[in-house]
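Undergrad: Take a look at coords18.pdb, PDB, C-alpha atoms and all ligand atoms:
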```
ATOM      1  CA  MET A   1      73.784 126.157 123.655
ATOM      2  CA  LYS A   2      76.194 124.498 126.076
ATOM      3  CA  ARG A   3      76.818 126.492 129.264
ATOM      4  CA  LEU A   4      80.594 126.755 128.826
ATOM      5  CA  ALA A   5      80.793 126.991 125.032
ATOM      6  CA  GLY A   6      83.796 129.071 123.993
ATOM      7  CA  LYS A   7      85.393 128.865 127.457
ATOM      8  CA  THR A   8      88.723 127.324 128.401
ATOM      9  CA  ALA A   9      89.518 125.498 131.634
ATOM     10  CA  LEU A  10      92.547 124.105 133.428
ATOM     11  CA  VAL A  11      91.857 121.300 135.897
ATOM     12  CA  THR A  12      95.006 120.402 137.807
ATOM     13  CA  GLY A  13      95.300 116.701 138.611
ATOM     14  CA  SER A  14      92.672 115.640 136.089
ATOM     15  CA  SER A  15      94.231 112.333 135.089
ATOM     16  CA  ARG A  16      92.273 110.624 137.865
ATOM     17  CA  GLY A  17      89.586 110.946 140.525
ATOM     18  CA  ILE A  18      87.680 114.160 141.167
ATOM     19  CA  GLY A  19      89.819 116.101 138.691
ATOM     20  CA  ARG A  20      89.032 113.650 135.922
ATOM     21  CA  ALA A  21      85.278 113.793 136.575
ATOM     22  CA  THR A  22      85.488 117.588 136.665
ATOM     23  CA  ALA A  23      87.394 117.768 133.389
ATOM     24  CA  LEU A  24      84.848 115.485 131.721
ATOM     25  CA  ARG A  25      81.913 117.521 132.990
ATOM     26  CA  LEU A  26      83.421 120.886 131.974
ATOM     27  CA  ALA A  27      84.189 119.512 128.511
ATOM     28  CA  ARG A  28      80.609 118.199 128.257
ATOM     29  CA  GLU A  29      79.470 121.765 128.963
ATOM     30  CA  GLY A  30      81.523 122.937 125.978
ATOM     31  CA  ALA A  31      84.793 124.102 127.561
ATOM     32  CA  THR A  32      88.168 123.282 126.019
ATOM     33  CA  VAL A  33      89.962 121.598 128.911
ATOM     34  CA  ALA A  34      93.646 121.416 129.814
ATOM     35  CA  VAL A  35      94.056 117.984 131.418
ATOM     36  CA  HIS A  36      96.956 118.315 133.839
ATOM     37  CA  TYR A  37      98.879 115.465 135.459
ATOM     38  CA  ALA A  38     102.220 114.720 137.115
ATOM     39  CA  ASP A  39     103.380 111.172 136.288
ATOM     40  CA  ASN A  40     100.474 109.046 135.194
ATOM     41  CA  ALA A  41     100.484 109.698 131.453
ATOM     42  CA  ASP A  42      98.277 106.677 130.728
ATOM     43  CA  ALA A  43      95.560 107.931 133.046
ATOM     44  CA  ALA A  44      95.801 111.440 131.587
ATOM     45  CA  LYS A  45      95.507 110.049 128.067
ATOM     46  CA  ALA A  46      92.445 108.056 129.178
ATOM     47  CA  THR A  47      90.820 111.289 130.411
ATOM     48  CA  LEU A  48      91.629 112.975 127.112
ATOM     49  CA  ALA A  49      90.247 110.030 125.134
ATOM     50  CA  ALA A  50      87.038 109.983 127.192
ATOM     51  CA  ILE A  51      86.496 113.695 126.516
ATOM     52  CA  GLU A  52      87.140 113.306 122.798
ATOM     53  CA  GLU A  53      84.852 110.262 122.578
ATOM     54  CA  GLU A  54      82.034 112.483 123.805
ATOM     55  CA  GLY A  55      82.880 115.097 121.176
ATOM     56  CA  GLY A  56      84.653 117.425 123.601
ATOM     57  CA  ARG A  57      87.961 119.275 123.239
ATOM     58  CA  ALA A  58      90.986 118.904 125.496
ATOM     59  CA  PHE A  59      94.759 118.756 125.578
ATOM     60  CA  LEU A  60      97.359 117.403 127.999
ATOM     61  CA  VAL A  61      99.729 119.358 130.238
ATOM     62  CA  ARG A  62     102.377 117.594 132.308
ATOM     63  CA  ALA A  63     103.970 119.297 135.308
ATOM     64  CA  GLU A  64     104.931 117.984 138.709
ATOM     65  CA  LEU A  65     103.804 120.420 141.393
ATOM     66  CA  GLY A  66     105.734 120.988 144.605
ATOM     67  CA  VAL A  67     109.159 121.123 142.931
ATOM     68  CA  PRO A  68     111.211 124.166 141.879
ATOM     69  CA  GLY A  69     109.914 125.666 138.628
ATOM     70  CA  ASP A  70     106.598 123.798 138.870
ATOM     71  CA  VAL A  71     104.336 126.731 138.023
ATOM     72  CA  ASP A  72     106.614 127.864 135.171
ATOM     73  CA  THR A  73     106.456 124.403 133.610
ATOM     74  CA  LEU A  74     102.688 124.185 133.995
ATOM     75  CA  PHE A  75     102.116 127.696 132.661
ATOM     76  CA  GLN A  76     104.282 127.112 129.597
ATOM     77  CA  GLY A  77     102.491 123.847 128.789
ATOM     78  CA  LEU A  78      99.134 125.506 129.366
ATOM     79  CA  THR A  79      99.745 128.523 127.137
ATOM     80  CA  ALA A  80     101.247 126.375 124.385
ATOM     81  CA  GLY A  81      98.212 124.074 124.503
ATOM     82  CA  LEU A  82      95.768 126.985 124.546
ATOM     83  CA  ARG A  83      97.453 128.588 121.525
ATOM     84  CA  GLU A  84      97.275 125.353 119.591
ATOM     85  CA  ALA A  85      93.699 124.499 120.587
ATOM     86  CA  THR A  86      92.100 127.948 120.427
ATOM     87  CA  GLY A  87      94.543 130.289 118.698
ATOM     88  CA  LYS A  88      94.934 132.492 121.793
ATOM     89  CA  GLU A  89      96.259 132.412 125.340
ATOM     90  CA  GLU A  90      93.116 132.892 127.391
ATOM     91  CA  LEU A  91      91.993 130.887 130.426
ATOM     92  CA  ASN A  92      88.461 131.337 131.781
ATOM     93  CA  ILE A  93      88.305 128.637 134.468
ATOM     94  CA  LEU A  94      91.001 127.425 136.868
ATOM     95  CA  VAL A  95      90.294 124.406 139.072
ATOM     96  CA  ASN A  96      93.050 123.878 141.649
ATOM     97  CA  ASN A  97      92.341 120.206 142.277
ATOM     98  CA  ALA A  98      95.707 118.381 142.354
ATOM     99  CA  GLY A  99      96.519 117.441 145.915
ATOM    100  CA  VAL A 100      98.290 114.966 148.133
ATOM    101  CA  MET A 101      97.193 113.557 151.464
ATOM    102  CA  GLY A 102      99.509 113.054 154.410
ATOM    103  CA  GLY A 103      98.161 109.968 156.139
ATOM    104  CA  VAL A 104     100.539 110.355 159.063
ATOM    105  CA  LYS A 105      99.756 110.978 162.701
ATOM    106  CA  PRO A 106     101.085 114.236 164.169
ATOM    107  CA  GLU A 107     103.688 112.323 166.194
ATOM    108  CA  ASP A 108     105.085 110.764 162.996
ATOM    109  CA  LEU A 109     105.002 113.952 160.945
ATOM    110  CA  THR A 110     108.378 115.130 159.624
ATOM    111  CA  PRO A 111     109.341 118.572 158.330
ATOM    112  CA  GLU A 112     109.847 117.002 154.891
ATOM    113  CA  ILE A 113     106.303 115.589 154.738
ATOM    114  CA  PHE A 114     104.905 118.880 156.021
ATOM    115  CA  ASP A 115     106.828 120.902 153.422
ATOM    116  CA  GLN A 116     105.631 118.643 150.602
ATOM    117  CA  LEU A 117     101.987 118.978 151.651
ATOM    118  CA  ILE A 118     102.243 122.757 151.778
ATOM    119  CA  ALA A 119     104.175 122.897 148.496
ATOM    120  CA  VAL A 120     101.627 120.855 146.497
ATOM    121  CA  ASN A 121      98.357 121.767 148.217
ATOM    122  CA  ALA A 122      98.893 125.459 148.981
ATOM    123  CA  LYS A 123     102.015 127.021 147.478
ATOM    124  CA  ALA A 124     101.511 125.691 143.937
ATOM    125  CA  PRO A 125      97.823 126.775 143.758
ATOM    126  CA  LEU A 126      98.724 130.220 145.114
ATOM    127  CA  PHE A 127     101.428 130.908 142.550
ATOM    128  CA  LEU A 128      99.478 129.236 139.753
ATOM    129  CA  THR A 129      96.530 131.508 140.529
ATOM    130  CA  GLN A 130      98.823 134.533 140.534
ATOM    131  CA  ARG A 131     100.265 133.465 137.187
ATOM    132  CA  VAL A 132      97.053 132.629 135.311
ATOM    133  CA  LEU A 133      95.437 135.925 136.291
ATOM    134  CA  SER A 134      97.508 137.497 133.520
ATOM    135  CA  ILE A 135      95.551 135.453 130.957
ATOM    136  CA  MET A 136      92.140 135.292 132.687
ATOM    137  CA  PRO A 137      89.542 137.678 131.255
ATOM    138  CA  ASP A 138      86.925 139.356 133.426
ATOM    139  CA  GLY A 139      84.136 136.976 134.390
ATOM    140  CA  GLY A 140      86.546 134.119 135.078
ATOM    141  CA  ARG A 141      86.196 131.359 137.645
ATOM    142  CA  ILE A 142      88.643 129.961 140.189
ATOM    143  CA  ILE A 143      87.607 126.880 142.140
ATOM    144  CA  ASN A 144      89.870 125.447 144.810
ATOM    145  CA  ILE A 145      89.307 121.892 145.978
ATOM    146  CA  GLY A 146      89.473 121.855 149.762
ATOM    147  CA  THR A 147      88.279 119.132 152.104
ATOM    148  CA  GLY A 148      85.588 118.557 154.676
ATOM    149  CA  LEU A 149      88.520 118.272 157.092
ATOM    150  CA  LEU A 150      88.606 122.069 157.099
ATOM    151  CA  ARG A 151      85.642 121.738 159.484
ATOM    152  CA  TYR A 152      86.262 118.306 161.014
ATOM    153  CA  ALA A 153      89.183 117.171 163.162
ATOM    154  CA  ASN A 154      91.029 114.071 161.959
ATOM    155  CA  PRO A 155      94.148 113.285 164.021
ATOM    156  CA  ASP A 156      95.827 111.596 161.049
ATOM    157  CA  GLU A 157      95.564 114.552 158.743
ATOM    158  CA  VAL A 158      96.529 117.638 160.709
ATOM    159  CA  ALA A 159      99.208 118.797 158.251
ATOM    160  CA  TYR A 160      97.014 118.017 155.236
ATOM    161  CA  SER A 161      94.160 119.991 156.795
ATOM    162  CA  MET A 162      96.532 122.871 157.503
ATOM    163  CA  SER A 163      97.591 122.926 153.854
ATOM    164  CA  LYS A 164      93.955 122.957 152.727
ATOM    165  CA  GLY A 165      93.204 125.690 155.280
ATOM    166  CA  ALA A 166      95.837 127.779 153.532
ATOM    167  CA  LEU A 167      94.128 127.050 150.218
ATOM    168  CA  ASP A 168      90.820 128.237 151.672
ATOM    169  CA  GLN A 169      92.512 131.504 152.638
ATOM    170  CA  ILE A 170      93.605 131.889 149.018
ATOM    171  CA  SER A 171      89.920 131.653 148.032
ATOM    172  CA  LEU A 172      88.890 134.307 150.536
ATOM    173  CA  HIS A 173      91.633 136.732 149.580
ATOM    174  CA  PHE A 174      91.288 136.426 145.813
ATOM    175  CA  ALA A 175      87.492 136.514 145.988
ATOM    176  CA  ARG A 176      87.648 140.020 147.431
ATOM    177  CA  LEU A 177      90.494 141.111 145.177
ATOM    178  CA  LEU A 178      88.887 139.880 141.953
ATOM    179  CA  GLY A 179      85.237 140.736 142.612
ATOM    180  CA  PRO A 180      85.482 144.007 140.665
ATOM    181  CA  ARG A 181      86.494 141.927 137.622
ATOM    182  CA  ASN A 182      83.515 139.585 138.090
ATOM    183  CA  ILE A 183      85.897 136.715 138.743
ATOM    184  CA  THR A 184      84.517 134.397 141.431
ATOM    185  CA  VAL A 185      86.722 132.315 143.716
ATOM    186  CA  ASN A 186      85.333 129.510 145.852
ATOM    187  CA  THR A 187      86.437 126.454 147.801
ATOM    188  CA  VAL A 188      84.611 123.171 147.133
ATOM    189  CA  SER A 189      85.136 120.750 149.995
ATOM    190  CA  PRO A 190      84.497 117.043 149.357
ATOM    191  CA  GLY A 191      84.118 114.350 151.976
ATOM    192  CA  ILE A 192      85.440 110.853 151.342
ATOM    193  CA  THR A 193      85.130 110.299 147.593
ATOM    194  CA  ASN A 194      85.864 107.158 145.586
ATOM    195  CA  ASN A 195      89.064 107.904 143.691
ATOM    196  CA  GLY A 196      89.750 104.299 142.713
ATOM    197  CA  SER A 197      92.074 103.659 145.645
ATOM    198  CA  PRO A 198      92.062  99.954 146.757
ATOM    199  CA  ILE A 199      90.386 100.887 150.056
ATOM    200  CA  PHE A 200      87.148 101.449 148.131
ATOM    201  CA  ASP A 201      87.093  97.731 147.229
ATOM    202  CA  VAL A 202      87.064  96.589 150.862
ATOM    203  CA  PRO A 203      83.418  95.927 151.860
ATOM    204  CA  GLU A 204      83.848  96.771 155.569
ATOM    205  CA  ALA A 205      85.660  99.999 154.706
ATOM    206  CA  ARG A 206      82.991 100.894 152.159
ATOM    207  CA  GLU A 207      80.243 100.417 154.713
ATOM    208  CA  PHE A 208      82.088 102.527 157.283
ATOM    209  CA  MET A 209      82.775 105.324 154.798
ATOM    210  CA  ALA A 210      79.227 105.293 153.391
ATOM    211  CA  ASN A 211      77.811 105.647 156.906
ATOM    212  CA  MET A 212      79.760 108.854 157.475
ATOM    213  CA  ASN A 213      77.539 110.934 155.198
ATOM    214  CA  ALA A 214      73.819 111.717 155.210
ATOM    215  CA  PHE A 215      73.050 109.737 152.034
ATOM    216  CA  LYS A 216      74.676 106.491 153.216
ATOM    217  CA  ARG A 217      76.547 105.766 150.014
ATOM    218  CA  ILE A 218      80.114 106.356 148.851
ATOM    219  CA  ALA A 219      80.546 109.617 146.960
ATOM    220  CA  GLU A 220      81.648 109.242 143.367
ATOM    221  CA  PRO A 221      83.966 111.823 141.724
ATOM    222  CA  GLU A 222      81.052 113.041 139.591
ATOM    223  CA  ASP A 223      79.213 114.112 142.772
ATOM    224  CA  VAL A 224      81.939 116.702 143.259
ATOM    225  CA  GLY A 225      82.681 117.455 139.592
ATOM    226  CA  ASP A 226      79.066 118.494 139.056
ATOM    227  CA  VAL A 227      79.294 121.012 141.917
ATOM    228  CA  VAL A 228      82.462 122.461 140.382
ATOM    229  CA  ALA A 229      80.728 122.733 136.999
ATOM    230  CA  PHE A 230      77.884 124.702 138.580
ATOM    231  CA  LEU A 231      80.351 127.142 140.181
ATOM    232  CA  ALA A 232      82.094 127.472 136.810
ATOM    233  CA  SER A 233      78.844 128.461 135.113
ATOM    234  CA  ASP A 234      77.231 131.865 134.758
ATOM    235  CA  ASP A 235      74.439 130.678 137.077
ATOM    236  CA  ALA A 236      76.921 130.907 139.979
ATOM    237  CA  ARG A 237      78.005 134.498 139.211
ATOM    238  CA  TRP A 238      76.814 135.816 142.607
ATOM    239  CA  ILE A 239      78.655 133.214 144.696
ATOM    240  CA  THR A 240      82.178 134.104 145.729
ATOM    241  CA  GLY A 241      84.475 133.540 148.687
ATOM    242  CA  THR A 242      82.402 130.628 149.950
ATOM    243  CA  PHE A 243      83.217 127.266 151.468
ATOM    244  CA  VAL A 244      80.959 124.893 149.518
ATOM    245  CA  ASP A 245      80.347 121.731 151.510
ATOM    246  CA  ALA A 246      80.309 118.915 148.934
ATOM    247  CA  SER A 247      80.594 116.155 151.514
ATOM    248  CA  GLY A 248      77.077 114.730 151.223
ATOM    249  CA  GLY A 249      76.270 115.984 154.682
ATOM    250  CA  THR A 250      79.276 114.360 156.370
ATOM    251  CA  LEU A 251      79.754 117.528 158.413
ATOM    252  CA  LEU A 252      76.281 117.139 159.915
ATOM    253  CA  GLY A 253      77.857 114.558 162.233
TER     254      GLY A 253
HETATM  255  P1  LIG A 301      93.629 111.352 143.180
HETATM  256  O1  LIG A 301      94.589 110.922 144.234
HETATM  257  O2  LIG A 301      92.686 110.372 142.598
HETATM  258  O3  LIG A 301      94.424 112.045 141.987
HETATM  259  C1  LIG A 301      95.351 113.034 142.274
HETATM  260  C2  LIG A 301      95.562 113.862 141.038
HETATM  261  O4  LIG A 301      96.500 114.908 141.342
HETATM  262  C3  LIG A 301      96.170 113.069 139.911
HETATM  263  O5  LIG A 301      95.746 113.632 138.695
HETATM  264  C4  LIG A 301      97.668 113.293 140.104
HETATM  265  O6  LIG A 301      98.408 113.178 138.899
HETATM  266  C5  LIG A 301      97.685 114.736 140.580
HETATM  267  N1  LIG A 301      98.815 115.012 141.447
HETATM  268  C6  LIG A 301      99.094 114.441 142.647
HETATM  269  N2  LIG A 301     100.248 114.932 143.128
HETATM  270  C7  LIG A 301     100.699 115.815 142.212
HETATM  271  C8  LIG A 301     101.860 116.640 142.108
HETATM  272  N3  LIG A 301     102.810 116.647 143.062
HETATM  273  N4  LIG A 301     101.995 117.411 141.020
HETATM  274  C9  LIG A 301     101.057 117.415 140.048
HETATM  275  N5  LIG A 301      99.957 116.653 140.070
HETATM  276  C10 LIG A 301      99.778 115.870 141.143
HETATM  277  O7  LIG A 301      92.858 112.638 143.755
HETATM  278  P2  LIG A 301      91.406 112.730 144.427
HETATM  279  O8  LIG A 301      90.390 112.747 143.362
HETATM  280  O9  LIG A 301      91.290 111.771 145.560
HETATM  281  O10 LIG A 301      91.518 114.188 145.093
HETATM  282  C11 LIG A 301      91.410 115.354 144.309
HETATM  283  C12 LIG A 301      91.406 116.544 145.250
HETATM  284  O11 LIG A 301      90.312 116.416 146.163
HETATM  285  C13 LIG A 301      92.664 116.641 146.117
HETATM  286  O12 LIG A 301      93.018 117.993 146.270
HETATM  287  C14 LIG A 301      92.237 116.054 147.436
HETATM  288  O13 LIG A 301      92.968 116.570 148.514
HETATM  289  C15 LIG A 301      90.778 116.490 147.494
HETATM  290  N6  LIG A 301      89.947 115.637 148.331
HETATM  291  C16 LIG A 301      89.786 114.311 148.038
HETATM  292  C17 LIG A 301      88.995 113.512 148.834
HETATM  293  C18 LIG A 301      88.787 112.058 148.545
HETATM  294  O14 LIG A 301      88.224 111.363 149.415
HETATM  295  N7  LIG A 301      89.169 111.553 147.382
HETATM  296  C19 LIG A 301      88.324 114.069 150.030
HETATM  297  C20 LIG A 301      88.523 115.475 150.205
HETATM  298  C21 LIG A 301      89.311 116.217 149.393
HETATM  299  P3  LIG A 301      99.037 111.734 138.437
HETATM  300  O15 LIG A 301      97.853 110.888 137.995
HETATM  301  O16 LIG A 301      99.935 112.054 137.317
HETATM  302  O17 LIG A 301      99.717 111.165 139.631
END
```
Would you give me this structure, written as structure tokens?
Ligand code: NDP
TA:
Amino acid sequence: MKRLAGKTALVTGSSRGIGRATALRLAREGATVAVHYADNADAAKATLAAIEEEGGRAFLVRAELGVPGDVDTLFQGLTAGLREATGKEELNILVNNAGVMGGVKPEDLTPEIFDQLIAVNAKAPLFLTQRVLSIMPDGGRIINIGTGLLRYANPDEVAYSMSKGALDQISLHFARLLGPRNITVNTVSPGITNNGSPIFDVPEAREFMANMNAFKRIAEPEDVGDVVAFLASDDARWITGTFVDASGGTLLG
């Protein structure tokens, strides 16, 4: 029996990177997965095809986050897809993964960049969580993808880290609120993880990034997706409100 047989999951930003690996792993465990994306329909379709090739079940949901009406659009696509795929509107697992990085130094930060980071990385997950609770049965799982930068100062990413700090607060608050319903809420915090960006093809950059963690290799999206799958499983029922360091020991210094 697969660990997530009969369950449904939404992984935001699962067209690429960590979200994609997470969606694939949850589907492999038997969950029916809503593959969410913003613009990159080809990548989202590739995730869907990869799941179906392995005999899994999934459907696509398009919604740009960080714009007015974002959560409404996502929720409508999600419930329509759930009805079609399973005959009911029930979501067991929410993975708030979609995110944007800032990449600007504090002195170059503008209010517009700051607002966008907060809107995508914190506001959208907060209101999406609020919304899906109406269709999440007891025993559900909410996993927020944070960052090792919650515990590590990087001068280029102060606003990004602030937005992820807000996301971590969402985990803490909802973990306490939803404990009586046996819904767990946790933050999984990756370190630098190969998401296919061109920087991962530069040998010097690869060596530098690999040397930041304890294992001396670049993390692959599956390294994080597997941690999320564990937290989504019944085996993790007694873990809630935690910051799960999935940085390969980067925070050890
Ligand atoms: P990628 O950049 O590879 O992919 C981002 C995903 O999010 C895509 O599916 C993209 O959709 C979606 N997305 C981006 N912006 C929006 C938006 N405004 N609305 C809706 N969807 C959006 O992501 P990573 O795998 O690198 O990162 C995943 C998560 O992990 C993020 O929250 C990130 O902050 C966090 N993280 C990543 C690290 C890393 O080194 N990779 C390190 C620490 C944390 P589309 O394809 O349609 O554009």
Undergrad: With 9 Å as the threshold, what does the neighbourhood of (76.5, 107.7, 154.7) contain in terms of residues, counting all atoms listed in the file? Coordinates are those of the file; answer as a list of chain:residue names.
TA: A:Glu207, A:Phe208, A:Met209, A:Ala210, A:Asn211, A:Met212, A:Asn213, A:Ala214, A:Phe215, A:Lys216, A:Arg217, A:Ile218, A:Ala219, A:Gly248, A:Gly249, A:Thr250
Undergrad: With distances taken over only C-alpha atoms, which residue among A:Glu112, A:Glu89, A:Asp138, A:Asp235 lies nearest A:Gly179?
TA: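 Checking each candidate against A:Gly179, we get A:Asp138 as the closest.
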Undergrad: Using the chain letters and numbers from the file, give me the residues hit by the PyMOL selection byres (((chain A and resi 48) around 12) and not hetatm), as number ranges by chain.
TA: A: 14-16, 20-21, 23-24, 27, 32-37, 41-47, 49-61
Undergrad: Using all atoms listed in the file, what are the residues with an atom within 8 Å of ligand LIG 301 (chain A), set out as a ChimeraX atom specification?
TA: /A:12-20,36-41,43-44,62-67,96-101,120-121,145-149,160,164,189-197,221
Undergrad: Between A:Val71, A:Leu91, A:Val202, A:Val158, single out the one closest to A:Pro125, counting all atoms listed in the file.
TA: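 Once distances to A:Pro125 are computed over all atoms listed in the file, the minimum belongs to A:Val71.
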Undergrad: Smallest atom-to-atom distance to A:Thr129: which of A:Gly6, A:Thr242, A:Ala166, A:Phe75, using only C-alpha atoms?
TA: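 Answer, going by the shortest atom-to-atom distance: A:Phe75.
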Undergrad: Would you compute the distance between atom CA of A:Leu109 and atom CA of A:Asp168? Give it in Å to one decimal.
TA: 22.2 Å
Undergrad: When distances are computed from only C-alpha atoms, which of A:Asp201, A:Asp226, A:Glu90, A:Asp156 shows the smallest separation from A:Glu29?
TA: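 Among the listed residues, A:Asp226 lies closest to A:Glu29.
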Undergrad: Which of these, A:Leu177, A:Leu252, A:Leu26, A:Val185, has the shortest distance to A:Ile239 once you count only C-alpha atoms?
TA: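 Smallest distance to A:Ile239 is found for A:Val185.
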Undergrad: Out of A:Asn92, A:Ser233, A:Thr86, A:Gln116, which residue has the shortest atom-to-atom distance to A:Val11 when counting all atoms listed in the file?
TA: A:Asn92
Undergrad: Find the residues around A:Arg237 up to 9 Å (only C-alpha atoms counted), leave out those fewer than 5 positions away in its own chain, and share them as an MDAnalysis selection string.
TA: chainID A and resid 139 141 182:184 231:232
Undergrad: Between atom CA of A:Ser161 and atom CA of A:Asn186, what distance in Å does the model show, to one decimal?
TA: 17.0 Å
